[in-house]
file target_6.pdb (PDB, C-alpha atoms)
ATOM      1  CA  MET A   1      96.216 113.258  80.265
ATOM      2  CA  ASN A   2      96.350 112.601  83.966
ATOM      3  CA  GLU A   3      95.611 109.254  85.622
ATOM      4  CA  THR A   4      92.024 110.176  86.482
ATOM      5  CA  ALA A   5      91.192 110.928  82.864
ATOM      6  CA  ASP A   6      92.820 107.715  81.680
ATOM      7  CA  ALA A   7      90.930 105.681  84.261
ATOM      8  CA  GLN A   8      87.596 107.107  83.114
ATOM      9  CA  ALA A   9      88.170 106.935  79.355
ATOM     10  CA  PRO A  10      85.225 105.816  77.227
ATOM     11  CA  VAL A  11      85.142 102.165  76.219
ATOM     12  CA  GLN A  12      84.435 101.414  72.517
ATOM     13  CA  THR A  13      82.841 104.859  72.012
ATOM     14  CA  THR A  14      82.790 106.854  68.785
ATOM     15  CA  ALA A  15      84.596 110.169  68.547
ATOM     16  CA  GLY A  16      82.757 113.161  69.931
ATOM     17  CA  TRP A  17      82.472 115.697  72.730
ATOM     18  CA  TYR A  18      81.799 114.312  76.222
ATOM     19  CA  THR A  19      81.809 115.606  79.768
ATOM     20  CA  ASP A  20      85.445 116.016  80.829
ATOM     21  CA  PRO A  21      86.152 113.233  83.412
ATOM     22  CA  THR A  22      88.431 115.607  85.319
ATOM     23  CA  ASP A  23      86.281 118.761  85.143
ATOM     24  CA  SER A  24      82.527 118.406  84.750
ATOM     25  CA  THR A  25      82.108 122.125  83.959
ATOM     26  CA  GLN A  26      83.600 121.597  80.487
ATOM     27  CA  PHE A  27      83.553 119.141  77.583
ATOM     28  CA  ARG A  28      86.588 117.329  76.171
ATOM     29  CA  ARG A  29      87.064 115.794  72.737
ATOM     30  CA  TRP A  30      87.328 111.995  72.501
ATOM     31  CA  ASP A  31      88.928 110.928  69.165
ATOM     32  CA  GLY A  32      87.659 107.362  69.317
ATOM     33  CA  ALA A  33      90.787 106.004  71.001
ATOM     34  CA  ALA A  34      91.950 108.568  73.566
ATOM     35  CA  TRP A  35      91.137 111.940  75.113
ATOM     36  CA  THR A  36      92.518 114.941  73.231
ATOM     37  CA  ASP A  37      93.593 118.349  74.549
ATOM     38  CA  SER A  38      90.595 120.061  72.894
ATOM     39  CA  THR A  39      88.051 121.370  75.390
ATOM     40  CA  MET A  40      85.057 123.699  75.399
ATOM     41  CA  ALA A  41      82.979 125.260  78.113
ATOM     42  CA  ASN A  42      79.836 123.519  79.232
ATOM     43  CA  PRO A  43      76.995 125.469  77.518
ATOM     44  CA  SER A  44      74.861 125.219  80.643
ATOM     45  CA  GLY A  45      77.533 127.005  82.651
ATOM     46  CA  ARG A  46      77.366 124.479  85.479
ATOM     47  CA  ALA A  47      78.466 120.924  86.231
ATOM     48  CA  ALA A  48      76.903 118.426  83.859
ATOM     49  CA  LEU A  49      77.604 115.083  85.480
ATOM     50  CA  PRO A  50      75.718 112.049  84.164
ATOM     51  CA  ASP A  51      72.681 110.979  86.150
ATOM     52  CA  ALA A  52      74.077 107.467  86.689
ATOM     53  CA  PRO A  53      77.876 107.229  86.642
ATOM     54  CA  PHE A  54      77.627 103.546  87.631
ATOM     55  CA  ARG A  55      75.572 101.064  85.667
ATOM     56  CA  GLY A  56      72.438 100.583  87.707
ATOM     57  CA  GLY A  57      73.694 102.970  90.407
ATOM     58  CA  ALA A  58      73.699 106.603  91.421
ATOM     59  CA  GLY A  59      75.832 109.143  93.231
ATOM     60  CA  ALA A  60      77.760 111.027  90.560
ATOM     61  CA  SER A  61      78.851 113.905  92.760
ATOM     62  CA  ALA A  62      80.195 111.585  95.460
ATOM     63  CA  ALA A  63      81.998 109.427  92.905
ATOM     64  CA  SER A  64      83.713 112.422  91.313
ATOM     65  CA  THR A  65      85.509 113.248  94.560
ATOM     66  CA  ARG A  66      86.706 109.741  95.382
ATOM     67  CA  PRO A  67      90.444 109.141  94.788
ATOM     68  CA  PRO A  68      91.580 106.784  92.022
ATOM     69  CA  LEU A  69      93.510 103.603  92.710
ATOM     70  CA  ARG A  70      97.251 104.041  92.236
ATOM     71  CA  PRO A  71      99.488 101.302  90.789
ATOM     72  CA  ALA A  72     100.968 100.843  94.272
ATOM     73  CA  PHE A  73      97.600  99.511  95.450
ATOM     74  CA  PHE A  74      97.929  96.476  93.214
ATOM     75  CA  VAL A  75     101.528  95.925  94.299
ATOM     76  CA  TRP A  76     100.457  95.895  97.938
ATOM     77  CA  ALA A  77      97.550  93.619  97.045
ATOM     78  CA  ARG A  78     100.027  91.116  95.610
ATOM     79  CA  VAL A  79     102.146  91.363  98.768
ATOM     80  CA  LEU A  80      99.012  90.751 100.825
ATOM     81  CA  GLN A  81      98.230  87.653  98.779
ATOM     82  CA  VAL A  82     101.744  86.342  99.444
ATOM     83  CA  LEU A  83     101.291  87.016 103.171
ATOM     84  CA  PHE A  84      98.047  85.035 103.225
ATOM     85  CA  VAL A  85      99.829  82.096 101.585
ATOM     86  CA  ALA A  86     102.643  82.397 104.128
ATOM     87  CA  THR A  87     100.106  82.574 106.966
ATOM     88  CA  GLY A  88      98.511  79.346 105.808
ATOM     89  CA  LEU A  89     101.879  77.619 105.550
ATOM     90  CA  VAL A  90     102.980  78.789 108.992
ATOM     91  CA  ALA A  91      99.652  77.677 110.487
ATOM     92  CA  ALA A  92     100.049  74.245 108.881
ATOM     93  CA  THR A  93     103.601  74.032 110.254
ATOM     94  CA  SER A  94     102.345  75.032 113.692
ATOM     95  CA  GLY A  95      99.778  72.248 113.480
ATOM     96  CA  GLY A  96     102.583  69.774 112.884
ATOM     97  CA  ILE A  97     104.446  71.123 115.915
ATOM     98  CA  HIS A  98     101.337  70.725 118.055
ATOM     99  CA  LEU A  99     101.054  67.097 116.911
ATOM    100  CA  TRP A 100     104.696  66.638 117.853
ATOM    101  CA  THR A 101     103.847  68.036 121.295
ATOM    102  CA  VAL A 102     101.006  65.517 121.669
ATOM    103  CA  SER A 103     103.366  62.671 120.761
ATOM    104  CA  PHE A 104     106.063  64.052 123.057
ATOM    105  CA  VAL A 105     103.898  64.323 126.186
ATOM    106  CA  SER A 106     102.281  60.948 125.481
ATOM    107  CA  ARG A 107     105.704  59.282 125.487
ATOM    108  CA  VAL A 108     106.726  61.178 128.603
ATOM    109  CA  SER A 109     103.601  60.059 130.463
ATOM    110  CA  GLY A 110     104.088  56.439 129.367
ATOM    111  CA  ASP A 111     107.861  56.195 129.826
ATOM    112  CA  PRO A 112     109.846  59.310 130.809
ATOM    113  CA  THR A 113     113.111  57.614 129.766
ATOM    114  CA  SER A 114     111.903  57.339 126.139
ATOM    115  CA  VAL A 115     112.548  61.047 125.530
ATOM    116  CA  ASP A 116     116.012  62.555 125.859
ATOM    117  CA  GLN A 117     116.835  66.114 126.814
ATOM    118  CA  ALA A 118     118.135  66.967 123.344
ATOM    119  CA  GLU A 119     114.721  66.285 121.783
ATOM    120  CA  ALA A 120     113.012  68.318 124.490
ATOM    121  CA  ASP A 121     115.323  71.283 123.871
ATOM    122  CA  LEU A 122     114.862  71.032 120.095
ATOM    123  CA  HIS A 123     111.090  70.928 120.520
ATOM    124  CA  ASP A 124     111.106  74.042 122.703
ATOM    125  CA  ILE A 125     113.319  75.982 120.254
ATOM    126  CA  ILE A 126     111.222  75.117 117.212
ATOM    127  CA  GLU A 127     107.969  75.845 119.055
ATOM    128  CA  ALA A 128     109.233  79.254 120.203
ATOM    129  CA  LEU A 129     110.575  80.095 116.730
ATOM    130  CA  ALA A 130     107.314  79.123 115.016
ATOM    131  CA  GLY A 131     105.332  81.147 117.540
ATOM    132  CA  GLY A 132     107.459  84.251 117.012
ATOM    133  CA  VAL A 133     107.391  84.056 113.220
ATOM    134  CA  GLY A 134     103.657  83.361 113.249
ATOM    135  CA  GLY A 135     102.952  86.328 115.525
ATOM    136  CA  LEU A 136     104.899  88.771 113.345
ATOM    137  CA  LEU A 137     103.339  87.360 110.194
ATOM    138  CA  TYR A 138      99.789  87.662 111.553
ATOM    139  CA  LEU A 139     100.470  91.262 112.594
ATOM    140  CA  ALA A 140     101.900  92.245 109.207
ATOM    141  CA  THR A 141      99.052  90.526 107.370
ATOM    142  CA  GLY A 142      96.415  92.223 109.520
ATOM    143  CA  VAL A 143      97.882  95.712 109.078
ATOM    144  CA  LEU A 144      98.270  95.345 105.316
ATOM    145  CA  PHE A 145      94.762  93.915 104.978
ATOM    146  CA  LEU A 146      93.309  96.979 106.721
ATOM    147  CA  ILE A 147      95.293  99.301 104.440
ATOM    148  CA  TRP A 148      94.085  97.367 101.383
ATOM    149  CA  LEU A 149      90.482  97.390 102.631
ATOM    150  CA  VAL A 150      90.196 101.100 103.437
ATOM    151  CA  THR A 151      91.977 102.092 100.193
ATOM    152  CA  ALA A 152      89.598  99.991  98.124
ATOM    153  CA  TYR A 153      86.568 101.129 100.128
ATOM    154  CA  ARG A 154      87.148 104.831  99.490
ATOM    155  CA  CYS A 155      88.334 104.670  95.849
ATOM    156  CA  ASN A 156      86.484 105.831  92.734
ATOM    157  CA  ARG A 157      86.009 102.264  91.510
ATOM    158  CA  VAL A 158      83.130 101.600  93.893
ATOM    159  CA  ASP A 159      79.578 102.908  93.777
ATOM    160  CA  PRO A 160      79.157 105.123  96.879
ATOM    161  CA  ALA A 161      75.385 104.706  96.676
ATOM    162  CA  ARG A 162      75.856 101.057  97.661
ATOM    163  CA  LEU A 163      78.052 101.778 100.686
ATOM    164  CA  THR A 164      76.181 101.775 103.986
ATOM    165  CA  HIS A 165      79.167 102.697 106.176
ATOM    166  CA  SER A 166      81.651 105.570 106.155
ATOM    167  CA  ASP A 167      85.309 105.056 105.215
ATOM    168  CA  GLY A 168      86.369 105.134 108.859
ATOM    169  CA  TRP A 169      84.426 101.967 109.640
ATOM    170  CA  ALA A 170      86.635 100.028 107.220
ATOM    171  CA  VAL A 171      89.281 100.188 109.953
ATOM    172  CA  GLY A 172      87.430 101.195 113.117
ATOM    173  CA  ALA A 173      84.890  98.376 112.938
ATOM    174  CA  TRP A 174      87.604  95.840 113.754
ATOM    175  CA  PHE A 175      88.442  97.472 117.092
ATOM    176  CA  VAL A 176      85.049  98.360 118.589
ATOM    177  CA  PRO A 177      83.935  95.703 121.118
ATOM    178  CA  ILE A 178      80.772  93.799 120.201
ATOM    179  CA  LEU A 179      80.540  95.574 116.841
ATOM    180  CA  ASN A 180      83.703  93.799 115.691
ATOM    181  CA  PHE A 181      81.761  90.521 115.653
ATOM    182  CA  PHE A 182      79.631  91.599 112.696
ATOM    183  CA  ARG A 183      80.346  95.091 111.354
ATOM    184  CA  PRO A 184      83.643  94.280 109.578
ATOM    185  CA  PHE A 185      81.755  91.568 107.719
ATOM    186  CA  ARG A 186      79.151  94.107 106.621
ATOM    187  CA  VAL A 187      81.895  96.517 105.489
ATOM    188  CA  VAL A 188      83.466  93.834 103.282
ATOM    189  CA  CYS A 189      80.013  92.941 101.917
ATOM    190  CA  ASP A 190      79.520  96.634 101.091
ATOM    191  CA  LEU A 191      82.762  96.703  99.138
ATOM    192  CA  TRP A 192      81.886  93.476  97.342
ATOM    193  CA  ASN A 193      78.497  94.801  96.242
ATOM    194  CA  ALA A 194      79.744  98.307  95.385
ATOM    195  CA  VAL A 195      82.520  97.408  92.965
ATOM    196  CA  ARG A 196      81.701  99.026  89.650
ATOM    197  CA  GLU A 197      80.512  96.893  86.768
ATOM    198  CA  THR A 198      83.188  96.580  84.089
ATOM    199  CA  SER A 199      83.170  96.630  80.334
ATOM    200  CA  ASP A 200      83.292  92.821  80.141
ATOM    201  CA  GLY A 201      80.630  92.401  82.817
ATOM    202  CA  GLY A 202      83.296  91.532  85.367
ATOM    203  CA  ARG A 203      82.372  91.857  89.033
ATOM    204  CA  PRO A 204      83.529  89.899  92.066
ATOM    205  CA  GLY A 205      80.545  87.582  91.510
ATOM    206  CA  PRO A 206      78.027  86.171  93.997
ATOM    207  CA  ASP A 207      79.133  86.662  97.593
ATOM    208  CA  ARG A 208      77.778  83.307  98.766
ATOM    209  CA  PRO A 209      79.185  81.180 100.198
ATOM    210  CA  LEU A 210      82.635  82.834 100.134
ATOM    211  CA  LEU A 211      81.996  85.841 102.387
ATOM    212  CA  PRO A 212      80.021  84.006 105.120
ATOM    213  CA  ALA A 213      82.504  81.117 105.068
ATOM    214  CA  TRP A 214      85.476  83.484 105.380
ATOM    215  CA  TRP A 215      83.902  85.390 108.263
ATOM    216  CA  ALA A 216      82.815  82.203 110.075
ATOM    217  CA  ALA A 217      86.347  80.798 109.772
ATOM    218  CA  TYR A 218      87.807  84.064 111.081
ATOM    219  CA  LEU A 219      85.512  84.131 114.135
ATOM    220  CA  PHE A 220      86.117  80.435 114.816
ATOM    221  CA  MET A 221      89.859  81.061 114.616
ATOM    222  CA  LEU A 222      89.597  83.798 117.240
ATOM    223  CA  ALA A 223      87.455  81.602 119.490
ATOM    224  CA  ILE A 224      89.875  78.663 119.320
ATOM    225  CA  ASP A 225      92.827  80.975 119.989
ATOM    226  CA  THR A 226      91.066  82.332 123.090
ATOM    227  CA  VAL A 227      90.389  78.814 124.380
ATOM    228  CA  GLU A 228      93.985  77.762 123.779
ATOM    229  CA  ARG A 229      95.349  80.798 125.622
ATOM    230  CA  PHE A 230      93.079  80.043 128.583
ATOM    231  CA  GLN A 231      94.305  76.444 128.615
ATOM    232  CA  GLN A 232      97.929  77.555 128.503
ATOM    233  CA  ARG A 233      97.411  79.845 131.505
ATOM    234  CA  SER A 234      95.733  77.021 133.415
ATOM    235  CA  ILE A 235      98.746  74.741 132.918
ATOM    236  CA  ALA A 236     100.928  77.081 134.990
ATOM    237  CA  VAL A 237      98.928  76.409 138.166
ATOM    238  CA  LEU A 238      98.644  72.624 137.790
ATOM    239  CA  GLU A 239     100.921  69.949 139.209
ATOM    240  CA  GLY A 240     101.697  66.280 138.650
ATOM    241  CA  PRO A 241      99.880  64.169 136.028
ATOM    242  CA  GLU A 242      97.328  66.920 135.461
ATOM    243  CA  VAL A 243     100.015  68.983 133.733
ATOM    244  CA  ILE A 244     100.646  66.288 131.109
ATOM    245  CA  GLN A 245      96.945  65.884 130.400
ATOM    246  CA  SER A 246      96.417  69.649 130.155
ATOM    247  CA  ILE A 247      99.335  70.043 127.750
ATOM    248  CA  ARG A 248      97.914  67.273 125.575
ATOM    249  CA  THR A 249      94.461  68.888 125.577
ATOM    250  CA  ALA A 250      95.865  72.340 124.759
ATOM    251  CA  SER A 251      97.947  70.854 121.943
ATOM    252  CA  TRP A 252      94.895  69.234 120.352
ATOM    253  CA  THR A 253      93.116  72.581 120.630
ATOM    254  CA  GLY A 254      96.110  74.132 118.878
ATOM    255  CA  VAL A 255      95.869  71.587 116.064
ATOM    256  CA  ILE A 256      92.230  72.531 115.501
ATOM    257  CA  GLY A 257      93.065  76.234 115.655
ATOM    258  CA  ASP A 258      95.892  75.855 113.136
ATOM    259  CA  LEU A 259      93.600  73.972 110.760
ATOM    260  CA  VAL A 260      90.954  76.705 110.999
ATOM    261  CA  THR A 261      93.611  79.401 110.520
ATOM    262  CA  THR A 262      94.826  77.676 107.368
ATOM    263  CA  VAL A 263      91.270  77.594 106.005
ATOM    264  CA  ALA A 264      90.621  81.233 106.983
ATOM    265  CA  ALA A 265      93.848  82.349 105.268
ATOM    266  CA  GLY A 266      92.881  80.469 102.112
ATOM    267  CA  LEU A 267      89.411  82.034 102.030
ATOM    268  CA  ALA A 268      90.865  85.503 102.679
ATOM    269  CA  LEU A 269      93.300  84.932  99.811
ATOM    270  CA  ILE A 270      90.415  84.139  97.438
ATOM    271  CA  LEU A 271      88.461  87.152  98.709
ATOM    272  CA  VAL A 272      91.305  89.614  98.158
ATOM    273  CA  THR A 273      92.212  88.075  94.796
ATOM    274  CA  ARG A 274      88.689  88.333  93.399
ATOM    275  CA  LEU A 275      88.074  91.868  94.647
ATOM    276  CA  THR A 276      91.456  93.113  93.439
ATOM    277  CA  ALA A 277      90.866  91.588  90.006
ATOM    278  CA  ALA A 278      87.467  93.306  89.784
ATOM    279  CA  LEU A 279      89.006  96.630  90.812
ATOM    280  CA  ARG A 280      91.765  96.263  88.222
ATOM    281  CA  ARG A 281      89.482  95.856  85.190
ATOM    282  CA  PRO A 282      88.411  99.025  83.329
ATOM    283  CA  ALA A 283      85.015 100.229  84.480
ATOM    284  CA  THR A 284      82.112 100.839  82.145
ATOM    285  CA  PRO A 285      81.445 104.604  82.059
ATOM    286  CA  VAL A 286      78.086 106.256  81.495
ATOM    287  CA  LEU A 287      78.804 109.176  79.211
ATOM    288  CA  SER A 288      76.977 112.425  78.729
ATOM    289  CA  PRO A 289      75.291 113.004  75.333
ATOM    290  CA  ASN A 290      77.343 114.348  72.433
ATOM    291  CA  VAL A 291      77.349 118.098  72.007
ATOM    292  CA  ARG A 292      75.556 119.075  68.813
TER
END
call {"tool": "encode", "arguments": {"input": "target_6.pdb", "output": "structure tokens"}}
result
Amino acid sequence: MNETADAQAPVQTTAGWYTDPTDSTQFRRWDGAAWTDSTMANPSGRAALPDAPFRGGAGASAASTRPPLRPAFFVWARVLQVLFVATGLVAATSGGIHLWTVSFVSRVSGDPTSVDQAEADLHDIIEALAGGVGGLLYLATGVLFLIWLVTAYRCNRVDPARLTHSDGWAVGAWFVPILNFFRPFRVVCDLWNAVRETSDGGRPGPDRPLLPAWWAAYLFMLAIDTVERFQQRSIAVLEGPEVIQSIRTASWTGVIGDLVTTVAAGLALILVTRLTAALRRPATPVLSPNVR
């Protein structure tokens, strides 16, 4: 049998004839453990999809055309989880560098001779290296998260009747001004609520307070990053003691931003882990009646 048939196999169902999961215009024999090669035409001569392919849901025709999740999806999900862990670690490291900057400029302002050139050069190298690695890591994590999100959003393991946005919004919502402050959150909530119920009752679980906390941390992270960038640009036009004070202020802002980024990465890791686990479990099918 193909992957679609395997994915939609009955769970703990007695042997009998059921609507073919790959072709609703015919019936296929289930031997109690697996689909067989025995088929027969649908007596009605037309598609005979169940009325409710999802427990408590609707939308059989839409569900039948949605692509299944391939094994590669779960491999990429694991890579994404690793990237979130790495993002948190890099953000924590960046926070330490910002604290080093605060200490450095404080010593310079108190006694310029207390800091040698070698330490200043080492600080600049490490700061630049951490910034470059962090930028590439954030980019890779963001791209892979969007791929994971849109793949999960359009797959056959979600109830399309519970989706209030089209597949395109799973990516586009992040790039439309104004809408990107709230619509991506709604898209993720859609996915959370639309994941099919499984044979052991497994679902992602209540979305509070995880989803609001994750989204609030993400928005706060963006806000702090914007403030820090503005402060960094302001330093370039300052002179004298004001430069030292501005660097100290921007560094403390960076510490806060790194802390928020670490929290946001941790919440995103939990979010992806729980949704991926729910998508991995076998879904509970709603079968058509046996043919007499």
call {"tool": "resolve_selection", "arguments": {"input": "target_6.pdb", "expression": "the PyMOL selection byres ((chain A and resi 157) around 9)", "output": "PyMOL selection string"}}
result
chain A and resi 63+66-69+152-156+158-159+194-196+279-280+283
call {"tool": "resolve_selection", "arguments": {"input": "target_6.pdb", "expression": "the PyMOL selection byres ((chain A and resi 179-190) around 9)", "output": "short mmCIF file (atom, residue, chain, number, x, y, z; two decimals) with C-alpha atoms, in the frame of the given file"}}
result
data_model
loop_
_atom_site.label_atom_id
_atom_site.label_comp_id
_atom_site.auth_asym_id
_atom_site.auth_seq_id
_atom_site.Cartn_x
_atom_site.Cartn_y
_atom_site.Cartn_z
CA LEU A 149 90.48 97.39 102.63
CA TYR A 153 86.57 101.13 100.13
CA ARG A 162 75.86 101.06 97.66
CA LEU A 163 78.05 101.78 100.69
CA THR A 164 76.18 101.78 103.99
CA HIS A 165 79.17 102.70 106.18
CA TRP A 169 84.43 101.97 109.64
CA ALA A 170 86.64 100.03 107.22
CA VAL A 171 89.28 100.19 109.95
CA GLY A 172 87.43 101.20 113.12
CA ALA A 173 84.89 98.38 112.94
CA TRP A 174 87.60 95.84 113.75
CA PHE A 175 88.44 97.47 117.09
CA VAL A 176 85.05 98.36 118.59
CA PRO A 177 83.94 95.70 121.12
CA ILE A 178 80.77 93.80 120.20
CA LEU A 191 82.76 96.70 99.14
CA TRP A 192 81.89 93.48 97.34
CA ASN A 193 78.50 94.80 96.24
CA ALA A 194 79.74 98.31 95.38
CA VAL A 195 82.52 97.41 92.96
CA ASP A 207 79.13 86.66 97.59
CA LEU A 211 82.00 85.84 102.39
CA PRO A 212 80.02 84.01 105.12
CA TRP A 215 83.90 85.39 108.26
CA LEU A 219 85.51 84.13 114.14
#
call {"tool": "atom_distance", "arguments": {"input": "target_6.pdb", "atom1": "CA of Leu129 in chain A", "atom2": "CA of Ser106 in chain A"}}
result
22.6 Å
call {"tool": "residues_around", "arguments": {"input": "target_6.pdb", "residues": "Val105 in chain A", "least_positions_apart": "4", "cutoff": "8 Å", "atoms": "only C-alpha atoms", "output": "number ranges by chain"}}
result
A: 101, 109, 244, 247-248
call {"tool": "closest_residue", "arguments": {"input": "target_6.pdb", "among": "A:Ser114, A:Ser94, A:Thr25, A:Ser103", "to": "Glu127 in chain A", "atoms": "all atoms listed in the file"}}
result
A:Ser94
call {"tool": "closest_residue", "arguments": {"input": "target_6.pdb", "among": "A:Asp116, A:Asp258, A:Asp167, A:Asp121", "to": "Phe220 in chain A", "atoms": "only C-alpha atoms"}}
result
A:Asp258
call {"tool": "residues_around", "arguments": {"input": "target_6.pdb", "residues": "Asp124 in chain A", "least_positions_apart": "5", "cutoff": "12 Å", "atoms": "all atoms listed in the file", "output": "number ranges by chain"}}
result
A: 97-98, 100-101, 104, 117-119, 129-131
call {"tool": "residues_around", "arguments": {"input": "target_6.pdb", "residues": "Ile224 in chain A", "least_positions_apart": "5", "cutoff": "10 Å", "atoms": "only C-alpha atoms", "output": "count of residues only"}}
result
11
call {"tool": "atom_distance", "arguments": {"input": "target_6.pdb", "atom1": "CA of Leu89 in chain A", "atom2": "CA of Ala128 in chain A"}}
result
16.5 Å
call {"tool": "atom_distance", "arguments": {"input": "target_6.pdb", "atom1": "CA of Ala72 in chain A", "atom2": "CA of Leu146 in chain A"}}
result
15.1 Å
call {"tool": "resolve_selection", "arguments": {"input": "target_6.pdb", "expression": "the PyMOL selection byres ((chain A and resi 86) around 12)", "output": "PDB file with C-alpha atoms, keeping the file's coordinate frame"}}
result
ATOM      1  CA  VAL A  79     102.146  91.363  98.768  1.00  0.00           C
ATOM      2  CA  LEU A  80      99.012  90.751 100.825  1.00  0.00           C
ATOM      3  CA  GLN A  81      98.230  87.653  98.779  1.00  0.00           C
ATOM      4  CA  VAL A  82     101.744  86.342  99.444  1.00  0.00           C
ATOM      5  CA  LEU A  83     101.291  87.016 103.171  1.00  0.00           C
ATOM      6  CA  PHE A  84      98.047  85.035 103.225  1.00  0.00           C
ATOM      7  CA  VAL A  85      99.829  82.096 101.585  1.00  0.00           C
ATOM      8  CA  THR A  87     100.106  82.574 106.966  1.00  0.00           C
ATOM      9  CA  GLY A  88      98.511  79.346 105.808  1.00  0.00           C
ATOM     10  CA  LEU A  89     101.879  77.619 105.550  1.00  0.00           C
ATOM     11  CA  VAL A  90     102.980  78.789 108.992  1.00  0.00           C
ATOM     12  CA  ALA A  91      99.652  77.677 110.487  1.00  0.00           C
ATOM     13  CA  ALA A  92     100.049  74.245 108.881  1.00  0.00           C
ATOM     14  CA  THR A  93     103.601  74.032 110.254  1.00  0.00           C
ATOM     15  CA  VAL A 133     107.391  84.056 113.220  1.00  0.00           C
ATOM     16  CA  GLY A 134     103.657  83.361 113.249  1.00  0.00           C
ATOM     17  CA  LEU A 136     104.899  88.771 113.345  1.00  0.00           C
ATOM     18  CA  LEU A 137     103.339  87.360 110.194  1.00  0.00           C
ATOM     19  CA  TYR A 138      99.789  87.662 111.553  1.00  0.00           C
ATOM     20  CA  ALA A 140     101.900  92.245 109.207  1.00  0.00           C
ATOM     21  CA  THR A 141      99.052  90.526 107.370  1.00  0.00           C
ATOM     22  CA  THR A 261      93.611  79.401 110.520  1.00  0.00           C
ATOM     23  CA  THR A 262      94.826  77.676 107.368  1.00  0.00           C
ATOM     24  CA  ALA A 265      93.848  82.349 105.268  1.00  0.00           C
ATOM     25  CA  GLY A 266      92.881  80.469 102.112  1.00  0.00           C
ATOM     26  CA  LEU A 269      93.300  84.932  99.811  1.00  0.00           C
TER      27      LEU A 269
END
call {"tool": "closest_residue", "arguments": {"input": "target_6.pdb", "among": "A:Arg70, A:Ala34, A:Pro160, A:Arg233", "to": "Trp148 in chain A", "atoms": "all atoms listed in the file"}}
result
A:Arg70
call {"tool": "closest_residue", "arguments": {"input": "target_6.pdb", "among": "A:Leu210, A:Ile235, A:Ala77, A:Ala223", "to": "Ile270 in chain A", "atoms": "all atoms listed in the file"}}
result
A:Leu210
